[in-house]
Amino acid sequence: MARRMGAPLWRAALAALLVCGIGLLPWLTHTDPALTILRTRSADRDPTPEVLADIRSQLGLDHGPLRLLGQWLAGLPRGDAGRSWISGAEVTPAVLQALGVSLLLMAVALVVAGCTAAAVCARTLYLGAHRRLGGRPAGGSGSAVLAALPEFLTASVLATVVGVQLGWLPALGWYGPQWTVLPALALGLPAGAVLGRLLDDQLPGAFAEPWALAAAARGLPGRAVARQALRRCVPGLLPNLGLFVVGLTGGSVAVEQIFDIPGLGRTTLQAAIAQDLPVLQAGTLVLVALAAVTTAAARLAAGRLIGPALRDGALHTPHRPAPPVRRIQPFVYSLLLSGVIVLGLPRDPLALDTGARLHPPSPAHPFGTDALGRDVLARVAHGALDTLLLALTISAIALVAGVLLGCLPTLSGPLVDTVNAVPPVLAALLVTAVRGGGAGTPVLAVAVVAWAPLAAHTSALLRQERATVHLTATRALGAGPWYLLRSELLPAVLPPVVRHALLRLPGVALALASLGFLGLGAQPPSPEWGLLLAENQPYAERAPWAVLAPATVLALLGALAVTAANGARRGSPRPAAGAGPRPPRRRPRMDRKAGRPTTRTEWAALR
């Protein structure tokens, strides 16, 4: 009972802390909010002391942040989130309207993501239904490439080619259902590729469970077995699906900017840049509430899908046996990536040649040149060192933090929801407010939110693993909690979470790239990949090679990460169906007086 009451209180405390931190944002950055508001309202007006004093008087800034925050919180029970500091309009209708736009876009993007995930898993489902899954090598390079495509680059290409050149669908604005197709494709394709890879990773283990073997032996249709295998694996992914729901609602800032969509992400970004605190606080609070509702719905759906087996400890471990790994694929991808870096490092990434602006690929410039005549190969190679090193460092930190916090679901659950409700752009602004600008700001901003999906995945897998038959038997034989965690739970959970972290490695690089695209990351003339995409995106139609080069290298990184992740599997063979609980690698502490086994002979007799 105390645990049930503690989680909502902890969630409310985190939401209050986040909202209070946003309310103190102008004072933390040591900037004058009156000056920022004046520049947003009228950039041409001179910031005289009289004008600034009048703005402070209108907004009550002279009373200090605590009083302003108290007044804003006092109006929330009445549904009054105050008035915008920029336009003077009521905040609640504006935020709800933006939320409706984002929810519609998110729903269509989830449909696209579901179709993409189904396409990724179709081969595994077909082979499993026909009992031809044994010995299938792990693949997934195509889905990895799709997951590594930057959302803002996909959005730019779709808007330019499909919307402008071909004229098949509208490219800008938000006036009806047909305006949702292109942005939904840009958002749903990468999300569906990630979800499809995670699902495809668990399906072979479900097809190898005793119930599936028994169903096939009794001659049940393959479609029925495939449906049940899908039902067996989906609960482990529902927490991450909930994170995608919140991320697609409030984190699709770049796509909303490109397609000129008045969604919640764009609204909060504009409010954060203009320091329009009532709008920013209301938008963030809505995202936190959406995260709480989504998490509760995901947990309820997982319980309904698994059924009483989760309560009774009657599950089998959902992790697949180690398949044969295509060792040639990661070698080829790493060789290609290393070749690009080695060929480009001797070149100067900052050398300007205005006479060679936007030249196509040639022997002198294998990747062509950009708008300033700089060699694109040199900039991609030099930017790879910074981008890859930062992405690897952030991914390692996120993996460790995600596993540790995932082992404490009561603590990490509300924390994951709160962190996931903060888009990386807003996180970058908050980090900038605390520590100031610099090269480390985007790194900290991405690291603050990168661990949340891994913690949610760890917590979901641990919940199912604790309900397995062999763990229940091992616990009944006297094994302690530390032994179970060290010898049973972590060896079962770590491989899929490590593969998940490797799968998200390109996504970490994309998050850094998105901050650079929005002007919150690396600054010119840095050759960081996000900045390369942002600088060359306006010339994508005239010089597509300037954009395709860094995008191709990002896709290559995604393929390398997934093929390398296929080797991070449990090396021990899976116990045969009905073989009973596995004996522990090391003998647990047993109680002789209780008659519990203490020797290997007694273990063998039990088995």
# chains A, B, ... in the order shown; residues from 1 in each chain; ligands from 1
>>> residues_around(residues="Val553 of chain A", least_positions_apart="5", cutoff="12 Å", atoms="only C-alpha atoms", output="PDB file with N, CA, C and O atoms, in the first residue's frame")
ATOM      1  N   VAL A 145      19.166   0.794 -41.193  1.00  0.00           N
ATOM      2  CA  VAL A 145      19.379   1.957 -42.059  1.00  0.00           C
ATOM      3  C   VAL A 145      18.177   2.888 -41.985  1.00  0.00           C
ATOM      4  O   VAL A 145      18.324   4.123 -41.912  1.00  0.00           O
ATOM      5  N   ALA A 148      18.135   4.812 -38.802  1.00  0.00           N
ATOM      6  CA  ALA A 148      19.203   5.802 -38.686  1.00  0.00           C
ATOM      7  C   ALA A 148      18.962   7.042 -39.525  1.00  0.00           C
ATOM      8  O   ALA A 148      19.743   8.002 -39.439  1.00  0.00           O
ATOM      9  N   LEU A 149      17.919   7.057 -40.351  1.00  0.00           N
ATOM     10  CA  LEU A 149      17.661   8.238 -41.175  1.00  0.00           C
ATOM     11  C   LEU A 149      17.167   9.383 -40.300  1.00  0.00           C
ATOM     12  O   LEU A 149      16.238   9.210 -39.512  1.00  0.00           O
ATOM     13  N   PRO A 150      17.771  10.550 -40.410  1.00  0.00           N
ATOM     14  CA  PRO A 150      17.302  11.685 -39.606  1.00  0.00           C
ATOM     15  C   PRO A 150      15.882  12.084 -39.990  1.00  0.00           C
ATOM     16  O   PRO A 150      15.531  12.152 -41.166  1.00  0.00           O
ATOM     17  N   TYR A 333      30.727  -3.342 -42.930  1.00  0.00           N
ATOM     18  CA  TYR A 333      30.265  -2.000 -42.582  1.00  0.00           C
ATOM     19  C   TYR A 333      31.363  -1.194 -41.873  1.00  0.00           C
ATOM     20  O   TYR A 333      31.547  -0.009 -42.155  1.00  0.00           O
ATOM     21  N   SER A 334      32.076  -1.840 -40.955  1.00  0.00           N
ATOM     22  CA  SER A 334      33.158  -1.126 -40.273  1.00  0.00           C
ATOM     23  C   SER A 334      34.280  -0.779 -41.235  1.00  0.00           C
ATOM     24  O   SER A 334      34.907   0.284 -41.116  1.00  0.00           O
ATOM     25  N   LEU A 336      33.882  -0.092 -44.468  1.00  0.00           N
ATOM     26  CA  LEU A 336      33.420   1.055 -45.259  1.00  0.00           C
ATOM     27  C   LEU A 336      33.494   2.348 -44.443  1.00  0.00           C
ATOM     28  O   LEU A 336      33.956   3.384 -44.952  1.00  0.00           O
ATOM     29  N   LEU A 337      33.046   2.290 -43.203  1.00  0.00           N
ATOM     30  CA  LEU A 337      33.078   3.483 -42.362  1.00  0.00           C
ATOM     31  C   LEU A 337      34.509   3.930 -42.099  1.00  0.00           C
ATOM     32  O   LEU A 337      34.822   5.131 -42.167  1.00  0.00           O
ATOM     33  N   SER A 338      35.383   2.977 -41.828  1.00  0.00           N
ATOM     34  CA  SER A 338      36.794   3.319 -41.598  1.00  0.00           C
ATOM     35  C   SER A 338      37.424   3.869 -42.871  1.00  0.00           C
ATOM     36  O   SER A 338      38.260   4.786 -42.806  1.00  0.00           O
ATOM     37  N   GLY A 339      37.040   3.312 -44.032  1.00  0.00           N
ATOM     38  CA  GLY A 339      37.587   3.822 -45.289  1.00  0.00           C
ATOM     39  C   GLY A 339      37.226   5.272 -45.533  1.00  0.00           C
ATOM     40  O   GLY A 339      38.070   6.069 -45.977  1.00  0.00           O
ATOM     41  N   VAL A 340      35.973   5.636 -45.235  1.00  0.00           N
ATOM     42  CA  VAL A 340      35.562   7.040 -45.398  1.00  0.00           C
ATOM     43  C   VAL A 340      36.382   7.948 -44.485  1.00  0.00           C
ATOM     44  O   VAL A 340      36.854   9.019 -44.904  1.00  0.00           O
ATOM     45  N   ILE A 341      36.575   7.506 -43.243  1.00  0.00           N
ATOM     46  CA  ILE A 341      37.317   8.336 -42.288  1.00  0.00           C
ATOM     47  C   ILE A 341      38.783   8.462 -42.697  1.00  0.00           C
ATOM     48  O   ILE A 341      39.359   9.561 -42.673  1.00  0.00           O
ATOM     49  N   PHE A 367      33.090  13.264 -52.602  1.00  0.00           N
ATOM     50  CA  PHE A 367      31.737  13.511 -52.092  1.00  0.00           C
ATOM     51  C   PHE A 367      31.204  14.871 -52.528  1.00  0.00           C
ATOM     52  O   PHE A 367      30.154  15.298 -52.043  1.00  0.00           O
ATOM     53  N   VAL A 376      33.327  17.918 -48.937  1.00  0.00           N
ATOM     54  CA  VAL A 376      32.359  17.243 -48.086  1.00  0.00           C
ATOM     55  C   VAL A 376      32.965  15.994 -47.462  1.00  0.00           C
ATOM     56  O   VAL A 376      32.698  15.677 -46.292  1.00  0.00           O
ATOM     57  N   LEU A 377      33.817  15.272 -48.197  1.00  0.00           N
ATOM     58  CA  LEU A 377      34.462  14.091 -47.640  1.00  0.00           C
ATOM     59  C   LEU A 377      35.316  14.455 -46.431  1.00  0.00           C
ATOM     60  O   LEU A 377      35.293  13.751 -45.412  1.00  0.00           O
ATOM     61  N   ARG A 379      34.935  17.004 -44.422  1.00  0.00           N
ATOM     62  CA  ARG A 379      34.090  17.419 -43.300  1.00  0.00           C
ATOM     63  C   ARG A 379      33.378  16.222 -42.678  1.00  0.00           C
ATOM     64  O   ARG A 379      33.202  16.152 -41.459  1.00  0.00           O
ATOM     65  N   VAL A 380      32.948  15.258 -43.497  1.00  0.00           N
ATOM     66  CA  VAL A 380      32.317  14.057 -42.953  1.00  0.00           C
ATOM     67  C   VAL A 380      33.315  13.258 -42.124  1.00  0.00           C
ATOM     68  O   VAL A 380      32.996  12.778 -41.027  1.00  0.00           O
ATOM     69  N   ALA A 381      34.551  13.109 -42.624  1.00  0.00           N
ATOM     70  CA  ALA A 381      35.549  12.314 -41.912  1.00  0.00           C
ATOM     71  C   ALA A 381      35.959  12.973 -40.604  1.00  0.00           C
ATOM     72  O   ALA A 381      36.033  12.316 -39.559  1.00  0.00           O
ATOM     73  N   GLY A 383      34.229  15.169 -38.924  1.00  0.00           N
ATOM     74  CA  GLY A 383      33.076  15.188 -38.037  1.00  0.00           C
ATOM     75  C   GLY A 383      32.765  13.836 -37.442  1.00  0.00           C
ATOM     76  O   GLY A 383      32.146  13.753 -36.367  1.00  0.00           O
ATOM     77  N   ALA A 384      33.220  12.755 -38.101  1.00  0.00           N
ATOM     78  CA  ALA A 384      32.968  11.411 -37.578  1.00  0.00           C
ATOM     79  C   ALA A 384      33.655  11.198 -36.241  1.00  0.00           C
ATOM     80  O   ALA A 384      33.116  10.523 -35.357  1.00  0.00           O
ATOM     81  N   THR A 387      31.473  13.066 -33.616  1.00  0.00           N
ATOM     82  CA  THR A 387      30.125  12.527 -33.526  1.00  0.00           C
ATOM     83  C   THR A 387      30.128  11.110 -32.961  1.00  0.00           C
ATOM     84  O   THR A 387      29.343  10.778 -32.062  1.00  0.00           O
ATOM     85  N   LEU A 388      31.003  10.243 -33.488  1.00  0.00           N
ATOM     86  CA  LEU A 388      31.032   8.852 -33.032  1.00  0.00           C
ATOM     87  C   LEU A 388      31.506   8.755 -31.588  1.00  0.00           C
ATOM     88  O   LEU A 388      30.955   7.970 -30.799  1.00  0.00           O
ATOM     89  N   PRO A 506      22.791   5.111 -33.345  1.00  0.00           N
ATOM     90  CA  PRO A 506      22.546   6.149 -34.361  1.00  0.00           C
ATOM     91  C   PRO A 506      21.532   7.186 -33.911  1.00  0.00           C
ATOM     92  O   PRO A 506      21.609   8.350 -34.306  1.00  0.00           O
ATOM     93  N   ALA A 509      23.282   9.836 -32.075  1.00  0.00           N
ATOM     94  CA  ALA A 509      23.924  10.745 -33.036  1.00  0.00           C
ATOM     95  C   ALA A 509      22.895  11.641 -33.719  1.00  0.00           C
ATOM     96  O   ALA A 509      23.153  12.824 -33.987  1.00  0.00           O
ATOM     97  N   LEU A 510      21.690  11.090 -33.964  1.00  0.00           N
ATOM     98  CA  LEU A 510      20.629  11.892 -34.579  1.00  0.00           C
ATOM     99  C   LEU A 510      20.133  12.975 -33.632  1.00  0.00           C
ATOM    100  O   LEU A 510      19.779  14.076 -34.071  1.00  0.00           O
ATOM    101  N   TRP A 529      28.250  16.227 -37.739  1.00  0.00           N
ATOM    102  CA  TRP A 529      27.317  15.742 -38.759  1.00  0.00           C
ATOM    103  C   TRP A 529      25.979  16.461 -38.720  1.00  0.00           C
ATOM    104  O   TRP A 529      25.390  16.731 -39.773  1.00  0.00           O
ATOM    105  N   GLY A 530      25.480  16.758 -37.546  1.00  0.00           N
ATOM    106  CA  GLY A 530      24.221  17.481 -37.476  1.00  0.00           C
ATOM    107  C   GLY A 530      24.323  18.858 -38.114  1.00  0.00           C
ATOM    108  O   GLY A 530      23.414  19.303 -38.823  1.00  0.00           O
ATOM    109  N   LEU A 532      26.459  19.656 -40.456  1.00  0.00           N
ATOM    110  CA  LEU A 532      26.584  19.441 -41.894  1.00  0.00           C
ATOM    111  C   LEU A 532      25.208  19.303 -42.544  1.00  0.00           C
ATOM    112  O   LEU A 532      24.939  19.909 -43.593  1.00  0.00           O
ATOM    113  N   LEU A 533      24.336  18.515 -41.917  1.00  0.00           N
ATOM    114  CA  LEU A 533      22.996  18.355 -42.472  1.00  0.00           C
ATOM    115  C   LEU A 533      22.218  19.658 -42.431  1.00  0.00           C
ATOM    116  O   LEU A 533      21.489  19.991 -43.368  1.00  0.00           O
ATOM    117  N   ALA A 546      25.590  16.855 -51.041  1.00  0.00           N
ATOM    118  CA  ALA A 546      26.045  17.486 -49.801  1.00  0.00           C
ATOM    119  C   ALA A 546      25.246  17.006 -48.591  1.00  0.00           C
ATOM    120  O   ALA A 546      25.747  17.047 -47.457  1.00  0.00           O
ATOM    121  N   VAL A 547      24.004  16.554 -48.826  1.00  0.00           N
ATOM    122  CA  VAL A 547      23.171  16.033 -47.752  1.00  0.00           C
ATOM    123  C   VAL A 547      23.250  14.514 -47.685  1.00  0.00           C
ATOM    124  O   VAL A 547      23.245  13.920 -46.604  1.00  0.00           O
ATOM    125  N   LEU A 548      23.338  13.875 -48.827  1.00  0.00           N
ATOM    126  CA  LEU A 548      23.351  12.422 -48.858  1.00  0.00           C
ATOM    127  C   LEU A 548      24.606  11.842 -48.226  1.00  0.00           C
ATOM    128  O   LEU A 548      24.564  10.745 -47.652  1.00  0.00           O
ATOM    129  N   GLY A 558      24.170   2.994 -38.422  1.00  0.00           N
ATOM    130  CA  GLY A 558      23.048   2.210 -37.920  1.00  0.00           C
ATOM    131  C   GLY A 558      23.151   0.744 -38.294  1.00  0.00           C
ATOM    132  O   GLY A 558      22.903  -0.144 -37.469  1.00  0.00           O
ATOM    133  N   ALA A 559      23.521   0.458 -39.539  1.00  0.00           N
ATOM    134  CA  ALA A 559      23.686  -0.937 -39.953  1.00  0.00           C
ATOM    135  C   ALA A 559      24.802  -1.613 -39.170  1.00  0.00           C
ATOM    136  O   ALA A 559      24.689  -2.774 -38.764  1.00  0.00           O
ATOM    137  N   LEU A 560      25.903  -0.909 -38.939  1.00  0.00           N
ATOM    138  CA  LEU A 560      27.005  -1.463 -38.157  1.00  0.00           C
ATOM    139  C   LEU A 560      26.573  -1.743 -36.723  1.00  0.00           C
ATOM    140  O   LEU A 560      26.913  -2.787 -36.147  1.00  0.00           O
TER     141      LEU A 560
END
>>> residues_around(residues="Leu248 of chain A", least_positions_apart="3", cutoff="8 Å", atoms="only C-alpha atoms", output="PyMOL selection string")
chain A and resi 102+106+109+187+244-245+251-252
>>> select_by_dssp(residues="segment 87-284 of chain A", states="helix (DSSP H, G or I)", output="PyMOL selection string")
chain A and resi 91-129+141-148+151-165+177-207+210-217+222-250+253-259+264-274+277-284
>>> atom_distance(atom1="atom CA of Asp417 of chain A", atom2="atom CA of Ser487 of chain A")
29.6 Å
>>> residues_around(residues="segment 68-71 of chain A", least_positions_apart="2", cutoff="9 Å", atoms="only C-alpha atoms", output="ChimeraX atom specification")
/A:19-20,23-24,59-61,63-66,73-75,82
>>> closest_residue(among="A:Leu352, A:Leu405, A:Leu385, A:Leu158", to="Glu528 of chain A", atoms="only C-alpha atoms")
A:Leu385
>>> atom_distance(atom1="atom CA of Ile273 of chain A", atom2="atom CA of Gly188 of chain A")
27.0 Å
>>> residues_around(residues="segment 34-39 of chain A", least_positions_apart="5", cutoff="7 Å", atoms="only C-alpha atoms", output="PyMOL selection string")
chain A and resi 47+52+55-56+86+274-275
>>> write_last_selection(atoms="N, CA and C atoms", output="PDB file, in the first residue's frame")
ATOM      1  N   PRO A  47      15.264  49.023 -26.875  1.00  0.00           N
ATOM      2  CA  PRO A  47      15.023  48.593 -25.486  1.00  0.00           C
ATOM      3  C   PRO A  47      15.407  49.676 -24.480  1.00  0.00           C
ATOM      4  N   LEU A  52      11.314  48.768 -21.068  1.00  0.00           N
ATOM      5  CA  LEU A  52      11.535  47.558 -20.292  1.00  0.00           C
ATOM      6  C   LEU A  52      10.792  47.605 -18.947  1.00  0.00           C
ATOM      7  N   ILE A  55       7.154  46.769 -19.515  1.00  0.00           N
ATOM      8  CA  ILE A  55       6.916  45.336 -19.705  1.00  0.00           C
ATOM      9  C   ILE A  55       6.968  44.613 -18.361  1.00  0.00           C
ATOM     10  N   ARG A  56       7.935  44.977 -17.532  1.00  0.00           N
ATOM     11  CA  ARG A  56       8.031  44.341 -16.206  1.00  0.00           C
ATOM     12  C   ARG A  56       6.779  44.626 -15.374  1.00  0.00           C
ATOM     13  N   ILE A  86       3.730  36.910 -24.672  1.00  0.00           N
ATOM     14  CA  ILE A  86       4.025  37.473 -25.998  1.00  0.00           C
ATOM     15  C   ILE A  86       2.765  38.026 -26.638  1.00  0.00           C
ATOM     16  N   ALA A 274      11.501  32.273 -26.656  1.00  0.00           N
ATOM     17  CA  ALA A 274      11.013  33.610 -26.302  1.00  0.00           C
ATOM     18  C   ALA A 274      10.849  33.799 -24.794  1.00  0.00           C
ATOM     19  N   GLN A 275      11.095  32.730 -23.997  1.00  0.00           N
ATOM     20  CA  GLN A 275      10.914  32.776 -22.544  1.00  0.00           C
ATOM     21  C   GLN A 275       9.483  33.168 -22.175  1.00  0.00           C
TER      22      GLN A 275
END
>>> closest_residue(among="A:Phe259, A:Glu541, A:Ala129, A:Leu195", to="Ala159 of chain A", atoms="only C-alpha atoms")
A:Phe259
>>> atom_distance(atom1="atom CA of Gly21 of chain A", atom2="atom CA of Leu430 of chain A")
8.1 Å
>>> closest_residue(among="A:Val91, A:Ser57, A:Tyr483, A:Pro538", to="Pro278 of chain A", atoms="only C-alpha atoms")
A:Val91
